[in-house]
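A.B. asks: Pasting a structure here, questions to come.
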Amino acid sequence: MLVQNRPVAIEGATVPENLGGVSPDRRMLLLPHCLRPSDGCPGRMTKQGLDCSACQRQDCTIWQIIQEAKALGYTNICVAPGGRLAARRVIETAPEAVIAVACNKELREGVEALEAADWPDQPPSVVQVPLLRDGCVDTAVDMDVVHSVLST
């Protein structure tokens, strides 16, 4: 199982105890594209996920999370349209830990895909942050939980 050790107590997320020992530059942050506002999102879909680099929408949840993550030292951030791309990116970049924000279905399928992958060493620890509201469009996540996990 990828969620290793005893979880740290952050209500609303499944966090492995060893997350604090992994610096942000060795973590990967996975966000679902469904957190973006459906009206007027300037992001464009690429083979690497949603490209939010030109976005300045401060009302966008993805923008807010990315800004915080970058300020904390995260360099490996992917806004994925689904679990397949997210799992592929994790396997390609081989981070020590993954912080995955998604609906419960995508989280479950993502963990299963990573467990089935061939890892030269140890698979990454996975932090699971479920959405508060899913539905594939205009979803929501508890920003306090995301903040707590990012800064752990």
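Order determines the names: the first chain of the structure tokens is A, the second B, and so forth; residues in each chain are numbered 1 upward, and ligands are numbered 1 upward as they are shown.
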Give me, as number ranges by chain, all polymer residues having an atom no more than 12 Å from Met45 (chain A), counting only C-alpha atoms and skipping those fewer than 2 positions away in the same chain.
C.D. replies: A: 33, 41-43, 47-53, 78-82, 85
A.B. asks: Keeping only N, CA and C atoms, write the selected residues to a file as an mmCIF file, in the first residue's frame.
C.D. replies:
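Once everything was written out, this is selection-v4.cif:
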```
data_model
loop_
_atom_site.group_PDB
_atom_site.id
_atom_site.type_symbol
_atom_site.label_atom_id
_atom_site.label_comp_id
_atom_site.auth_asym_id
_atom_site.auth_seq_id
_atom_site.Cartn_x
_atom_site.Cartn_y
_atom_site.Cartn_z
ATOM 1 N N HIS A 33 -8.321 19.174 -12.935
ATOM 2 C CA HIS A 33 -8.715 20.340 -13.749
ATOM 3 C C HIS A 33 -10.125 20.792 -13.418
ATOM 4 N N CYS A 41 -12.026 30.235 -18.051
ATOM 5 C CA CYS A 41 -10.698 29.750 -17.674
ATOM 6 C C CYS A 41 -9.728 29.960 -18.839
ATOM 7 N N PRO A 42 -8.597 30.670 -18.609
ATOM 8 C CA PRO A 42 -7.644 30.907 -19.690
ATOM 9 C C PRO A 42 -6.664 29.749 -19.913
ATOM 10 N N GLY A 43 -6.737 28.722 -19.062
ATOM 11 C CA GLY A 43 -5.820 27.587 -19.195
ATOM 12 C C GLY A 43 -6.067 26.824 -20.485
ATOM 13 N N LYS A 47 -0.419 17.965 -23.436
ATOM 14 C CA LYS A 47 -0.126 16.564 -23.120
ATOM 15 C C LYS A 47 0.357 16.397 -21.683
ATOM 16 N N GLN A 48 0.786 17.486 -21.069
ATOM 17 C CA GLN A 48 1.273 17.454 -19.693
ATOM 18 C C GLN A 48 0.195 17.861 -18.689
ATOM 19 N N GLY A 49 -1.005 18.152 -19.158
ATOM 20 C CA GLY A 49 -2.091 18.575 -18.289
ATOM 21 C C GLY A 49 -2.521 19.990 -18.633
ATOM 22 N N LEU A 50 -3.304 20.585 -17.756
ATOM 23 C CA LEU A 50 -3.791 21.941 -17.972
ATOM 24 C C LEU A 50 -2.649 22.926 -17.726
ATOM 25 N N ASP A 51 -2.362 23.766 -18.706
ATOM 26 C CA ASP A 51 -1.313 24.765 -18.590
ATOM 27 C C ASP A 51 -1.938 26.034 -18.018
ATOM 28 N N CYS A 52 -1.609 26.326 -16.768
ATOM 29 C CA CYS A 52 -2.151 27.494 -16.074
ATOM 30 C C CYS A 52 -1.132 28.628 -15.982
ATOM 31 N N SER A 53 -0.033 28.527 -16.706
ATOM 32 C CA SER A 53 1.071 29.476 -16.550
ATOM 33 C C SER A 53 0.694 30.918 -16.888
ATOM 34 N N CYS A 78 1.141 19.329 -11.341
ATOM 35 C CA CYS A 78 0.403 18.890 -12.524
ATOM 36 C C CYS A 78 -1.087 19.091 -12.287
ATOM 37 N N VAL A 79 -1.736 19.755 -13.228
ATOM 38 C CA VAL A 79 -3.198 19.898 -13.208
ATOM 39 C C VAL A 79 -3.711 18.928 -14.262
ATOM 40 N N ALA A 80 -4.244 17.817 -13.802
ATOM 41 C CA ALA A 80 -4.571 16.698 -14.685
ATOM 42 C C ALA A 80 -6.062 16.642 -15.021
ATOM 43 N N PRO A 81 -6.367 16.245 -16.264
ATOM 44 C CA PRO A 81 -7.760 16.064 -16.658
ATOM 45 C C PRO A 81 -8.306 14.712 -16.212
ATOM 46 N N GLY A 82 -7.461 13.851 -15.686
ATOM 47 C CA GLY A 82 -7.920 12.544 -15.241
ATOM 48 C C GLY A 82 -6.794 11.722 -14.656
ATOM 49 N N LEU A 85 -3.472 10.416 -16.918
ATOM 50 C CA LEU A 85 -2.394 11.381 -17.089
ATOM 51 C C LEU A 85 -1.678 11.599 -15.756
#
```
A.B. asks: Find the residues around Thr152 (chain A) up to 8 Å (only C-alpha atoms counted), leave out those fewer than 3 positions away in its own chain, and share them as JSON, numbers by chain.
C.D. replies: {"A": [19, 20, 148, 149]}
A.B. asks: The selected residues should be written to file as a CSV table (one decimal), in the first residue's frame (atoms: C-alpha atoms).
C.D. replies:
```csv
chain,number,residue,atom,x,y,z
A,19,LEU,CA,5.5,13.4,4.6
A,20,GLY,CA,7.3,16.0,6.8
A,148,SER,CA,-2.2,22.1,6.1
A,149,VAL,CA,-1.0,19.3,3.8
```
A.B. asks: May I have the residues within 10 Å of Gly110 (chain A) as a PDB file with N, CA and C atoms, in the first residue's frame, using only C-alpha atoms and disregarding those fewer than 5 positions away in the same chain?
C.D. replies:
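Saved as result-v2.pdb:
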```pdb
ATOM      1  N   GLY A  82      -7.461  13.851 -15.686  1.00  0.00           N
ATOM      2  CA  GLY A  82      -7.920  12.544 -15.241  1.00  0.00           C
ATOM      3  C   GLY A  82      -6.794  11.722 -14.656  1.00  0.00           C
ATOM      4  N   GLY A  83      -7.171  10.558 -14.145  1.00  0.00           N
ATOM      5  CA  GLY A  83      -6.236   9.696 -13.448  1.00  0.00           C
ATOM      6  C   GLY A  83      -5.125   9.110 -14.295  1.00  0.00           C
ATOM      7  N   ARG A  84      -5.412   8.816 -15.556  1.00  0.00           N
ATOM      8  CA  ARG A  84      -4.369   8.225 -16.409  1.00  0.00           C
ATOM      9  C   ARG A  84      -3.185   9.166 -16.582  1.00  0.00           C
ATOM     10  N   LEU A  85      -3.472  10.416 -16.918  1.00  0.00           N
ATOM     11  CA  LEU A  85      -2.394  11.381 -17.089  1.00  0.00           C
ATOM     12  C   LEU A  85      -1.678  11.599 -15.756  1.00  0.00           C
ATOM     13  N   ALA A  86      -2.416  11.690 -14.680  1.00  0.00           N
ATOM     14  CA  ALA A  86      -1.812  11.908 -13.366  1.00  0.00           C
ATOM     15  C   ALA A  86      -0.870  10.753 -13.016  1.00  0.00           C
ATOM     16  N   ALA A  87      -1.320   9.524 -13.183  1.00  0.00           N
ATOM     17  CA  ALA A  87      -0.472   8.365 -12.871  1.00  0.00           C
ATOM     18  C   ALA A  87       0.762   8.343 -13.769  1.00  0.00           C
ATOM     19  N   ARG A  88       0.589   8.638 -15.041  1.00  0.00           N
ATOM     20  CA  ARG A  88       1.724   8.665 -15.978  1.00  0.00           C
ATOM     21  C   ARG A  88       2.750   9.692 -15.539  1.00  0.00           C
ATOM     22  N   VAL A  90       3.272  10.886 -12.522  1.00  0.00           N
ATOM     23  CA  VAL A  90       3.934  10.446 -11.286  1.00  0.00           C
ATOM     24  C   VAL A  90       5.011   9.428 -11.625  1.00  0.00           C
ATOM     25  N   ALA A 100      -2.189  14.386  -3.760  1.00  0.00           N
ATOM     26  CA  ALA A 100      -3.213  14.245  -4.792  1.00  0.00           C
ATOM     27  C   ALA A 100      -4.544  14.785  -4.285  1.00  0.00           C
ATOM     28  N   ALA A 102      -8.367  15.142  -5.463  1.00  0.00           N
ATOM     29  CA  ALA A 102      -9.274  14.574  -6.470  1.00  0.00           C
ATOM     30  C   ALA A 102     -10.534  14.053  -5.785  1.00  0.00           C
ATOM     31  N   ASN A 104     -13.065  10.971  -4.738  1.00  0.00           N
ATOM     32  CA  ASN A 104     -12.728   9.670  -4.148  1.00  0.00           C
ATOM     33  C   ASN A 104     -12.475   8.603  -5.197  1.00  0.00           C
ATOM     34  N   LYS A 105     -13.250   8.605  -6.269  1.00  0.00           N
ATOM     35  CA  LYS A 105     -13.069   7.609  -7.331  1.00  0.00           C
ATOM     36  C   LYS A 105     -11.688   7.740  -7.970  1.00  0.00           C
ATOM     37  N   GLU A 115       0.232   1.536  -7.358  1.00  0.00           N
ATOM     38  CA  GLU A 115       0.607   0.268  -6.721  1.00  0.00           C
ATOM     39  C   GLU A 115       0.973  -0.787  -7.752  1.00  0.00           C
ATOM     40  N   ALA A 116       0.334  -0.734  -8.912  1.00  0.00           N
ATOM     41  CA  ALA A 116       0.587  -1.725  -9.965  1.00  0.00           C
ATOM     42  C   ALA A 116       1.827  -1.389 -10.801  1.00  0.00           C
ATOM     43  N   VAL A 126       1.743   8.656  -0.778  1.00  0.00           N
ATOM     44  CA  VAL A 126       0.646   9.398  -1.400  1.00  0.00           C
ATOM     45  C   VAL A 126      -0.242  10.021  -0.326  1.00  0.00           C
ATOM     46  N   GLN A 128      -3.739  11.841   0.193  1.00  0.00           N
ATOM     47  CA  GLN A 128      -5.021  11.931  -0.500  1.00  0.00           C
ATOM     48  C   GLN A 128      -5.880  13.031   0.123  1.00  0.00           C
TER      49      GLN A 128
END
```
A.B. asks: Using CA of Gln64 (chain A) and CA of Pro123 (chain A) as the two end points, give the distance in Å to one decimal.
C.D. replies: 28.5 Å
A.B. asks: Using only C-alpha atoms, can you tell me which of A:Leu114, A:Ile91, A:Val15, A:Leu35 comes closest to Asp59 (chain A)?
C.D. replies: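 Using only C-alpha atoms, Asp59 (chain A) sits closest to A:Leu35.
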A.B. asks: Would you compute the distance between CA of Pro37 (chain A) and CA of Arg57 (chain A)? Give it in Å to one decimal.
C.D. replies: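 One can read the CA of Pro37 (chain A) to CA of Arg57 (chain A) distance as 9.4 Å.
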A.B. asks: Taking the DSSP assignment computed from this structure's backbone, write out as number ranges by chain all residues of region 2-151 of chain A that belong to alpha helix (DSSP H).
C.D. replies: A: 61-72, 83-93, 104-116, 143-150
